Every structure is written in structure tokens, then in C-alpha cells.
$ cat coords-v7.csv   # CSV, C-alpha atoms
chain,number,residue,atom,x,y,z
K,1,MET,CA,-35.4,1.4,-21.1
K,2,ARG,CA,-34.0,2.4,-17.8
K,3,ALA,CA,-34.7,-1.1,-16.3
K,4,LYS,CA,-33.0,-2.7,-19.3
K,5,THR,CA,-30.0,-0.4,-18.9
K,6,ARG,CA,-29.8,-1.1,-15.2
K,7,LYS,CA,-29.8,-4.9,-15.8
K,8,ILE,CA,-27.1,-4.5,-18.4
K,9,LEU,CA,-24.9,-2.5,-16.0
K,10,GLN,CA,-25.5,-5.0,-13.3
K,11,ALA,CA,-24.5,-7.9,-15.5
K,12,TYR,CA,-21.4,-6.0,-16.6
K,13,SER,CA,-20.5,-5.3,-13.0
K,14,ILE,CA,-20.8,-8.9,-12.1
K,15,LEU,CA,-18.6,-9.9,-15.1
K,16,VAL,CA,-16.0,-7.4,-14.0
K,17,TYR,CA,-16.0,-8.7,-10.4
K,18,LEU,CA,-15.8,-12.3,-11.6
K,19,PHE,CA,-12.8,-11.4,-13.9
K,20,LEU,CA,-11.1,-9.8,-10.9
K,21,TYR,CA,-11.8,-12.4,-8.2
K,22,ILE,CA,-12.1,-15.8,-9.9
K,23,PRO,CA,-8.2,-16.1,-10.3
K,24,ILE,CA,-7.8,-15.2,-6.6
K,25,ALA,CA,-10.5,-17.8,-5.6
K,26,VAL,CA,-8.7,-20.4,-7.7
K,27,LEU,CA,-5.4,-19.6,-6.1
K,28,ILE,CA,-6.9,-19.9,-2.6
K,29,VAL,CA,-8.6,-23.2,-3.4
K,30,TYR,CA,-5.4,-24.8,-4.9
K,31,SER,CA,-3.4,-23.7,-1.9
K,32,PHE,CA,-5.1,-26.7,-0.2
K,33,ASN,CA,-4.4,-29.1,-3.1
K,34,ASP,CA,-2.6,-32.3,-2.1
K,35,SER,CA,-0.8,-32.5,-5.4
K,36,GLU,CA,2.4,-30.7,-6.3
K,37,ILE,CA,1.0,-30.0,-9.7
K,38,ILE,CA,-1.3,-27.0,-9.2
K,39,THR,CA,-3.5,-27.9,-12.2
K,40,VAL,CA,-4.4,-31.3,-10.9
K,41,TRP,CA,-6.7,-31.6,-7.8
K,42,GLN,CA,-5.9,-34.6,-5.7
K,43,GLY,CA,-7.6,-33.8,-2.4
K,44,PHE,CA,-7.6,-31.5,0.5
K,45,THR,CA,-4.5,-30.9,2.6
K,46,LEU,CA,-2.9,-28.4,4.9
K,47,ARG,CA,0.6,-29.6,4.4
K,48,TRP,CA,1.6,-26.7,2.2
K,49,TYR,CA,0.7,-24.3,5.0
K,50,HIS,CA,2.8,-26.4,7.4
K,51,LYS,CA,5.7,-26.4,5.0
K,52,MET,CA,5.3,-22.6,4.5
K,53,PHE,CA,5.3,-21.8,8.2
K,54,GLY,CA,8.3,-24.1,8.7
K,55,ASN,CA,10.3,-22.3,6.0
K,56,GLY,CA,12.8,-20.0,7.6
K,57,ALA,CA,13.5,-18.1,4.4
K,58,ILE,CA,9.8,-17.1,4.2
K,59,PHE,CA,9.8,-15.8,7.7
K,60,ASP,CA,13.0,-13.8,7.1
K,61,ALA,CA,11.5,-12.3,4.0
K,62,ALA,CA,8.2,-11.6,5.7
K,63,GLN,CA,10.1,-9.9,8.6
K,64,ASN,CA,12.0,-7.7,6.1
K,65,SER,CA,8.9,-6.8,4.2
K,66,ILE,CA,6.9,-5.8,7.3
K,67,LEU,CA,9.8,-3.8,8.7
K,68,ILE,CA,10.3,-2.0,5.4
K,69,ALA,CA,6.6,-1.4,5.0
K,70,CYS,CA,6.3,0.0,8.5
K,71,LEU,CA,9.3,2.3,8.1
K,72,THR,CA,8.0,3.5,4.7
K,73,THR,CA,4.5,4.1,6.1
K,74,VAL,CA,5.8,6.2,9.0
K,75,PHE,CA,8.2,8.4,6.9
K,76,SER,CA,5.7,8.8,4.0
K,77,SER,CA,2.8,9.6,6.3
K,78,VAL,CA,4.7,12.2,8.3
K,79,VAL,CA,6.5,13.9,5.4
K,80,GLY,CA,3.5,13.7,3.1
K,81,THR,CA,1.2,15.2,5.6
K,82,MET,CA,3.6,18.0,6.3
K,83,ALA,CA,4.0,18.7,2.6
K,84,ALA,CA,0.3,18.8,2.1
K,85,LEU,CA,-0.2,21.3,4.9
K,86,VAL,CA,2.6,23.5,3.5
K,87,LEU,CA,1.2,23.4,0.0
K,88,HIS,CA,-2.3,24.1,1.1
K,89,ARG,CA,-1.7,26.9,3.6
K,90,HIS,CA,1.3,28.8,2.3
K,91,LYS,CA,2.0,30.7,-1.0
K,92,ILE,CA,5.5,29.6,-1.9
K,93,PRO,CA,7.4,30.4,-5.1
K,94,GLY,CA,6.9,27.8,-7.8
K,95,LYS,CA,3.9,26.2,-6.0
K,96,LYS,CA,2.3,25.0,-9.2
K,97,ILE,CA,5.5,23.4,-10.3
K,98,ILE,CA,5.9,21.7,-7.0
K,99,ASP,CA,2.3,20.4,-7.1
K,100,THR,CA,3.0,18.9,-10.5
K,101,LEU,CA,6.2,17.3,-9.3
K,102,PHE,CA,4.2,15.3,-6.8
K,103,TYR,CA,2.3,13.6,-9.6
K,104,ILE,CA,5.5,12.4,-11.3
K,105,PRO,CA,6.3,9.4,-9.1
K,106,ILE,CA,2.7,8.2,-9.6
K,107,VAL,CA,2.6,8.4,-13.4
K,108,ILE,CA,6.3,7.6,-14.3
K,109,PRO,CA,7.1,3.9,-14.7
K,110,PRO,CA,8.6,2.5,-11.4
K,111,ILE,CA,11.5,1.0,-13.2
K,112,ILE,CA,12.8,4.4,-14.3
K,113,VAL,CA,12.7,5.7,-10.7
K,114,ALA,CA,14.3,2.4,-9.6
K,115,VAL,CA,17.2,2.7,-12.1
K,116,ALA,CA,17.7,6.3,-11.2
K,117,LEU,CA,17.9,5.5,-7.5
K,118,LEU,CA,20.3,2.6,-8.1
K,119,ALA,CA,22.6,4.9,-10.1
K,120,MET,CA,22.5,7.5,-7.3
K,121,PHE,CA,23.3,4.9,-4.6
K,122,ALA,CA,26.1,3.5,-6.7
K,123,TRP,CA,27.5,7.1,-7.3
K,124,SER,CA,27.2,7.8,-3.6
K,125,LYS,CA,28.8,4.4,-2.7
K,126,ILE,CA,25.9,3.6,-0.4
K,127,THR,CA,25.6,-0.1,0.5
K,128,LEU,CA,22.4,-1.6,-0.7
K,129,GLY,CA,20.1,-3.1,1.9
K,130,ILE,CA,17.0,-2.4,3.9
K,131,GLY,CA,17.8,1.3,4.1
K,132,THR,CA,18.0,1.8,0.4
K,133,ILE,CA,14.8,-0.3,-0.2
K,134,THR,CA,13.0,1.9,2.3
K,135,VAL,CA,14.2,5.1,0.6
K,136,GLY,CA,13.0,3.8,-2.7
K,137,HIS,CA,9.6,2.9,-1.3
K,138,VAL,CA,9.3,6.3,0.3
K,139,VAL,CA,10.1,8.0,-3.0
K,140,MET,CA,7.3,6.0,-4.6
K,141,THR,CA,4.6,6.4,-1.9
K,142,ILE,CA,5.0,9.9,-0.4
K,143,SER,CA,3.1,11.4,-3.3
K,144,PHE,CA,0.0,9.3,-2.6
K,145,VAL,CA,-0.1,10.5,1.0
K,146,THR,CA,0.4,14.1,0.0
K,147,LEU,CA,-2.3,14.1,-2.6
K,148,ILE,CA,-4.8,12.3,-0.4
K,149,VAL,CA,-4.3,14.7,2.5
K,150,LEU,CA,-4.4,17.6,0.0
K,151,ALA,CA,-7.8,16.4,-1.2
K,152,ARG,CA,-9.1,16.4,2.3
K,153,LEU,CA,-7.7,19.9,3.0
K,154,GLN,CA,-9.6,21.3,0.0
K,155,GLY,CA,-12.8,21.0,2.0
K,156,PHE,CA,-11.4,21.8,5.3
K,157,ASP,CA,-13.3,24.4,7.3
K,158,LYS,CA,-10.8,27.0,8.5
K,159,THR,CA,-13.3,28.6,10.8
K,160,LEU,CA,-12.9,25.7,13.2
K,161,GLU,CA,-9.2,26.6,13.7
K,162,GLU,CA,-10.1,30.2,14.0
K,163,ALA,CA,-12.6,29.4,16.7
K,164,ALA,CA,-10.1,27.4,18.6
K,165,MET,CA,-7.6,30.3,18.5
K,166,ASP,CA,-10.3,32.7,19.6
K,167,LEU,CA,-10.8,30.5,22.6
K,168,GLY,CA,-7.1,30.8,23.6
K,169,ALA,CA,-5.5,27.9,21.8
K,170,ASN,CA,-2.1,28.5,20.2
K,171,ASN,CA,-1.0,27.1,16.8
K,172,TRP,CA,0.4,23.9,18.3
K,173,VAL,CA,-2.7,23.1,20.4
K,174,THR,CA,-5.0,23.9,17.5
K,175,PHE,CA,-3.2,21.6,15.3
K,176,TRP,CA,-3.3,18.6,17.7
K,177,ARG,CA,-6.8,19.2,19.0
K,178,VAL,CA,-8.6,20.4,15.8
K,179,THR,CA,-6.7,20.0,12.6
K,180,LEU,CA,-5.1,16.6,13.1
K,181,PRO,CA,-8.3,14.8,14.2
K,182,LEU,CA,-10.2,16.2,11.2
K,183,ILE,CA,-7.6,15.2,8.6
K,184,ALA,CA,-6.8,11.9,10.4
K,185,PRO,CA,-9.0,9.7,8.2
K,186,SER,CA,-7.1,10.9,5.1
K,187,ILE,CA,-3.7,10.4,6.8
K,188,PHE,CA,-4.8,6.9,7.7
K,189,ALA,CA,-6.0,6.2,4.2
K,190,GLY,CA,-2.7,7.3,2.8
K,191,ALA,CA,-0.8,5.3,5.4
K,192,LEU,CA,-2.8,2.1,4.6
K,193,LEU,CA,-2.2,2.6,0.8
K,194,THR,CA,1.5,3.2,1.5
K,195,PHE,CA,1.7,0.0,3.6
K,196,THR,CA,0.1,-2.2,1.0
K,197,ILE,CA,2.1,-0.7,-1.9
K,198,SER,CA,5.4,-1.2,0.0
K,199,LEU,CA,4.4,-4.7,1.1
K,200,ASP,CA,4.0,-6.0,-2.5
K,201,GLU,CA,6.4,-3.7,-4.4
K,202,PHE,CA,8.7,-5.7,-6.6
K,203,VAL,CA,10.4,-3.5,-9.2
K,204,MET,CA,11.8,-0.9,-6.8
K,205,THR,CA,12.8,-3.6,-4.3
K,206,PHE,CA,14.6,-5.6,-7.0
K,207,PHE,CA,16.8,-2.7,-8.0
K,208,THR,CA,17.5,-1.4,-4.5
K,209,THR,CA,18.0,-4.6,-2.5
K,210,GLY,CA,21.4,-5.8,-1.4
K,211,PRO,CA,22.9,-9.3,-1.3
K,212,GLY,CA,21.2,-11.6,1.2
K,213,ILE,CA,18.2,-9.3,1.7
K,214,ASN,CA,15.0,-10.9,0.6
K,215,THR,CA,11.4,-9.5,0.7
K,216,LEU,CA,8.2,-11.5,0.1
K,217,PRO,CA,7.8,-10.3,-3.6
K,218,ILE,CA,11.5,-11.1,-4.3
K,219,LEU,CA,11.2,-14.5,-2.6
K,220,ILE,CA,8.0,-15.4,-4.5
K,221,TYR,CA,9.6,-14.4,-7.8
K,222,SER,CA,12.6,-16.7,-7.0
K,223,MET,CA,10.2,-19.5,-6.1
K,224,VAL,CA,8.1,-19.1,-9.2
K,225,LYS,CA,11.1,-19.3,-11.5
K,226,THR,CA,11.3,-23.0,-10.7
K,227,GLY,CA,7.6,-23.5,-11.1
K,228,VAL,CA,4.5,-22.4,-9.2
K,229,THR,CA,3.9,-24.8,-6.3
K,230,PRO,CA,1.0,-24.9,-3.8
K,231,GLU,CA,3.5,-23.5,-1.2
K,232,VAL,CA,3.5,-20.3,-3.3
K,233,ASN,CA,-0.3,-20.4,-3.4
K,234,ALA,CA,-0.4,-20.8,0.4
K,235,LEU,CA,1.9,-17.8,0.9
K,236,SER,CA,-0.1,-15.7,-1.5
K,237,THR,CA,-3.3,-16.7,0.3
K,238,VAL,CA,-1.8,-15.5,3.6
K,239,LEU,CA,-0.9,-12.2,2.0
K,240,ILE,CA,-4.4,-11.8,0.6
K,241,LEU,CA,-6.0,-12.5,4.0
K,242,LEU,CA,-3.6,-9.9,5.6
K,243,THR,CA,-4.6,-7.3,3.0
K,244,VAL,CA,-8.3,-8.0,3.5
K,245,LEU,CA,-7.9,-7.8,7.3
K,246,LEU,CA,-6.2,-4.4,6.9
K,247,VAL,CA,-9.0,-3.1,4.7
K,248,PHE,CA,-11.6,-4.4,7.2
K,249,VAL,CA,-9.9,-2.7,10.1
K,250,ALA,CA,-9.6,0.5,8.1
K,251,GLU,CA,-13.3,0.5,7.3
K,252,LYS,CA,-14.3,-0.2,10.9
K,253,TRP,CA,-12.1,2.6,12.1
K,254,ARG,CA,-13.5,5.0,9.5
K,255,GLY,CA,-17.0,4.0,10.5
K,256,SER,CA,-16.3,4.7,14.1
K,257,ILE,CA,-14.8,8.1,13.2
K,258,LYS,CA,-18.0,9.0,11.2
K,259,ALA,CA,-20.2,7.9,14.1
K,260,LYS,CA,-18.4,10.4,16.4
$ encode --input "coords-v7.csv" --output "C-alpha cells"
Amino acid sequence: MRAKTRKILQAYSILVYLFLYIPIAVLIVYSFNDSEIITVWQGFTLRWYHKMFGNGAIFDAAQNSILIACLTTVFSSVVGTMAALVLHRHKIPGKKIIDTLFYIPIVIPPIIVAVALLAMFAWSKITLGIGTITVGHVVMTISFVTLIVLARLQGFDKTLEEAAMDLGANNWVTFWRVTLPLIAPSIFAGALLTFTISLDEFVMTFFTTGPGINTLPILIYSMVKTGVTPEVNALSTVLILLTVLLVFVAEKWRGSIKAK
């Protein structure tokens, strides 16, 4: 019975993976299609990649997306880590309420947060642009970093900090030499998640972007409105490869940390 159950679970797992990855595989394959009609295969070509890399609008959008993602990652990682340390170590009034508030940006629909931020920017007469997009992305992602770091701190051995202080280290040295290296994997995981969320976030970007400011999700949306072309497939393939590369680097880095 156990062997039969194991086979059923294996088959179910394979079906789930096929359901998830077959569309991605089809997209990658048809990015090399020589036809402008993505449903008709007419041979292998790289011209869509040449066309994509020669498209100035794509490069501008990619530059904006990467800049926003980097800024979001830095702000969310720093502030989220600080928030996690404060919530874990200090007893502050209304701590349970504050803990609950960090879950709201995760469970609430992004369009509600986006509309609220747009109303706030309009009320404050703030010009929409890269800055407002970054603020929106930070609002969405800071909770992820905080909760991931908090989860790591739950199993943190405080005696290591106490031992460092007994040996003469002050609070600052203890943090940099003991605490930060131990929670670094969780910070990096939160930063990686933040970067990927920011890179492909559409709803928040759509509501907080200004005129003439394009990101890759906004550009892809505008391209798809006139019909999906192999150029869109090529751009999507590059984004997929970038994401896989980031995950690979993260896993290698995490493996090296465990080895130490």
C-alpha cells in the first residue's frame, strides 16, 4: 500500500511540475520561431533576440526595472532587518498589533495598496516617477524581509552574543561579528525575494509610474496589447534566465555558508 501511495504521489508531483513548466518551455521554444505568428513554427532563428537587443525602449525599461529593484532591495532589506531585530528583542507597546500589521501588505490585494498610495501621492502633490514606484515596491516587499528575518531570529542562540560580550566585544562589534553573519542567509533570502518581486511587479508599478517612465512589466503589457510576438517571448526568456541565474547564485552562496 505504501509503495502504491508513493507511486501516486510521484505521478501527481510530475503532473504538477509539467503543469508549471510546460508553458515556460513552450514560450522559450517559440522565442526562436522564424514566424511572426507564435502558434505556427516555421524554423529556427535568432532574429527576435537581435531585434530585442536592438530595441532602445526595452533597454530603457530594463534599466528602470533594475534600478528600481536594486533600490527596493536595499531599502527593504535594511529597514526590514532593523524592524525584525526590534520586534524580536524589545518589548514595545502594541507589539502584537505591529506584528499583525506586517502581514497586511502580504495578504491584502496589491491593487488596494496601489490605489491608496496613488491617492496619497496625488494629495501630497508628489510627481510620479521612479521615486514613487520605489516607495510602492518597498511598501509591498518590506514585510517579506521582516518576516523571513524574524523566522531566523526565533531559533537564534543568544548565548553566542553573550559569549562575545564576555570576551570584551561591545554591542556594535557583537552585531557585526556575531549576529549579522548568523542571520545573513535570511537577509539574503529576503533580499532575493524582494528583488524578484520588484522586477516583475505590474499592478503597483502601473498605478505609481509617471509619464514616460516604463518598466519591463509595463512595456511587455503594452506590447502584448497589440498581440504576442516572438520578440515578447525572447524578452520573457531573458527574464526567466536572469531569475534562474539569481536562484542558482543564491543556492551556491547558501551552500558555501553551510559548508563554513
$ residues_around --input "coords-v7.csv" --residues "K:Asp99" --least-positions-apart "2" --cutoff "12 Å" --atoms "all atoms listed in the file" --output "PyMOL selection string"
chain K and resi 83-84+86-88+91-97+101-105+143+146-147+150
$ closest_residue --input "coords-v7.csv" --among "K:Thr134, K:Thr100, K:Asn64, K:Thr237" --to "K:Gly212" --atoms "all atoms listed in the file"
K:Asn64
$ closest_residue --input "coords-v7.csv" --among "K:Asn170, K:Ser186, K:Ser76, K:Thr208" --to "K:Phe121" --atoms "all atoms listed in the file"
K:Thr208
$ closest_residue --input "coords-v7.csv" --among "K:Phe53, K:Trp41, K:Phe206, K:Trp172" --to "K:Val115" --atoms "all atoms listed in the file"
K:Phe206
$ atom_distance --input "coords-v7.csv" --atom1 "atom CA of K:Ile218" --atom2 "atom CA of K:Ser65"
9.9 Å
$ residues_around --input "coords-v7.csv" --residues "K:Val26" --least-positions-apart "6" --cutoff "12 Å" --atoms "only C-alpha atoms" --output "CSV table (one decimal) with C-alpha atoms, in the coordinates of the input"
chain,number,residue,atom,x,y,z
K,18,LEU,CA,-15.8,-12.3,-11.6
K,19,PHE,CA,-12.8,-11.4,-13.9
K,20,LEU,CA,-11.1,-9.8,-10.9
K,32,PHE,CA,-5.1,-26.7,-0.2
K,33,ASN,CA,-4.4,-29.1,-3.1
K,38,ILE,CA,-1.3,-27.0,-9.2
K,39,THR,CA,-3.5,-27.9,-12.2
K,41,TRP,CA,-6.7,-31.6,-7.8
K,230,PRO,CA,1.0,-24.9,-3.8
K,233,ASN,CA,-0.3,-20.4,-3.4
K,234,ALA,CA,-0.4,-20.8,0.4
K,236,SER,CA,-0.1,-15.7,-1.5
K,237,THR,CA,-3.3,-16.7,0.3
$ atom_distance --input "coords-v7.csv" --atom1 "atom CA of K:Val145" --atom2 "atom CA of K:Gly190"
4.5 Å
$ residues_around --input "coords-v7.csv" --residues "K:Ser198" --least-positions-apart "2" --cutoff "8 Å" --atoms "all atoms listed in the file" --output "VMD selection string"
chain K and resid 65 68 to 69 72 137 141 194 to 196 200 to 201
$ closest_residue --input "coords-v7.csv" --among "K:Thr229, K:Thr209, K:Asn171, K:Asn214" --to "K:Gly131" --atoms "all atoms listed in the file"
K:Thr209
$ closest_residue --input "coords-v7.csv" --among "K:Leu199, K:Leu245, K:Val113, K:Ile28" --to "K:Gln63" --atoms "only C-alpha atoms"
K:Leu199
$ atom_distance --input "coords-v7.csv" --atom1 "atom CA of K:Thr159" --atom2 "atom CA of K:Thr81"
20.4 Å
$ closest_residue --input "coords-v7.csv" --among "K:Thr132, K:Thr215, K:Thr174, K:Gln154" --to "K:Ala119" --atoms "all atoms listed in the file"
K:Thr132
$ residues_around --input "coords-v7.csv" --residues "K:Gly210" --least-positions-apart "5" --cutoff "8 Å" --atoms "all atoms listed in the file" --output "count of residues only"
4
